[in-house]
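Please read the structure below before turning to the comments.
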Amino acid sequence: MAAAWFLVMVALGLGLATAGPVPSSKPHSRGRGCDIGKFEYLPPTEWKAFKKAKDALENSLKNQSCSSCLFPRPWTLTQLHVWERPVALEAELALTVKVLETVADSSLENILDQPLHTLHCILSEVQACVSALPTSGSRPHGLLQHWLNQLQRAPKKVSQECLEATVTFNLFRLLKRDLNCVARGDLCI
């Protein structure tokens, strides 16, 4: 009986030992200092800070009505070539950081400090990966170019409040889906 119990405990222990996250291949780590994979799973404290910021932003913007959507719903990074995905993520992050840094409600500054710090770290890592991409034959075209143009023109076409609302609405998609897709590289389908 003791031997059977021992085997069950060993089997459970082995099962628990292998139940952790499986390391993914990191084709995105092409250059020195390029490791987006470290952001694939943010710690719970980061998620709490982002959730608190998102809730506060939504509360401050609850009376806004915006008709434009900068981040089209059917559009996903999987529609792009693998090398284009970090470029798209970089543009999305840059706009998000820019908008959150200039939030109209100054009472949100303390709430936004930690999320902005994290977003700056992620953006720096993504920029390192984009700069490490081969430049020959890697010009954005088609869907990516259209999307980059849309993001670039957005601050000129949309009010600050609508930018804040759109960025707030898109925040968790950016962190969960887009960031993870770039972190997984070829494995993102």
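By convention in this document, the chains of the structure tokens carry letters A, B, ... by their order, each chain's residues are numbered from 1, and ligands are numbered from 1 in the order they are shown.
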Distance table requested - segment 84-164 of chain A against segment 179-188 of chain A, cut-off 10 Å, only C-alpha atoms: one row per qualifying residue with the closest atom pair and its distance in Å to one decimal, ordered by chain and rising residue number, as a tab-separated table.
```
residue	atom	partner	partner_atom	distance
A:Glu84	CA	A:Val182	CA	9.4
A:Arg85	CA	A:Val182	CA	6.1
A:Pro86	CA	A:Val182	CA	6.0
A:Val87	CA	A:Val182	CA	9.6
A:Ala88	CA	A:Val182	CA	9.5
A:Leu89	CA	A:Leu179	CA	7.1
A:Glu90	CA	A:Leu179	CA	9.7
A:Leu93	CA	A:Leu179	CA	9.5
A:Ile122	CA	A:Leu179	CA	8.8
A:Val126	CA	A:Val182	CA	9.0
```
Could you make a table, as a tab-separated table, of the residues of segment 134-189 of chain A that have an atom within 9 Å of an atom of segment 45-56 of chain A, each with its nearest atom pair and distance in Å to one decimal, counting only C-alpha atoms, in chain and number order?
```
residue	atom	partner	partner_atom	distance
A:Thr168	CA	A:Lys54	CA	5.9
A:Phe169	CA	A:Lys54	CA	8.0
A:Leu171	CA	A:Lys54	CA	7.7
A:Phe172	CA	A:Phe50	CA	8.3
```
Okay, now the selection with N, CA and C atoms, as a PDB file, in the first residue's frame?
```pdb
ATOM      1  N   THR A 168      -8.320  52.915 -24.661  1.00  0.00           N
ATOM      2  CA  THR A 168      -8.777  52.207 -23.468  1.00  0.00           C
ATOM      3  C   THR A 168      -9.500  50.929 -23.854  1.00  0.00           C
ATOM      4  N   PHE A 169     -10.386  51.030 -24.837  1.00  0.00           N
ATOM      5  CA  PHE A 169     -11.132  49.868 -25.295  1.00  0.00           C
ATOM      6  C   PHE A 169     -10.196  48.796 -25.864  1.00  0.00           C
ATOM      7  N   LEU A 171      -6.964  48.298 -25.037  1.00  0.00           N
ATOM      8  CA  LEU A 171      -5.820  48.012 -24.171  1.00  0.00           C
ATOM      9  C   LEU A 171      -5.610  46.526 -23.903  1.00  0.00           C
ATOM     10  N   PHE A 172      -6.646  45.803 -23.527  1.00  0.00           N
ATOM     11  CA  PHE A 172      -6.470  44.392 -23.202  1.00  0.00           C
ATOM     12  C   PHE A 172      -6.262  43.537 -24.451  1.00  0.00           C
TER      13      PHE A 172
END
```
Note to self: At a cut-off of 10 Å, using only C-alpha atoms, what residues contact Val99 of chain A? Leave out same-chain residues fewer than 5 positions from it and give the result as a PyMOL selection string.
What the structure shows: chain A and resi 93-94+104+155+160-161+163-168
Notebook entry, point to check: Between atom CA of Leu144 of chain A and atom CA of Phe39 of chain A, what is the spacing in Å?
Noted result: 22.9 Å
Item checked: Distance of atom CA of Ile111 of chain A from atom CA of Glu58 of chain A, expressed in Å to one decimal place -> 12.7 Å
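Distances to Glu109 of chain A were evaluated for A:Cys162, A:Leu95, A:Leu57, A:Leu174 using only C-alpha atoms, and the minimum falls at A:Leu57.
Considering the residues A:Asp178, A:Arg173, A:Gln152, A:Ser60 and counting only C-alpha atoms, Asp105 of chain A has its shortest atom-to-atom contact with A:Ser60.
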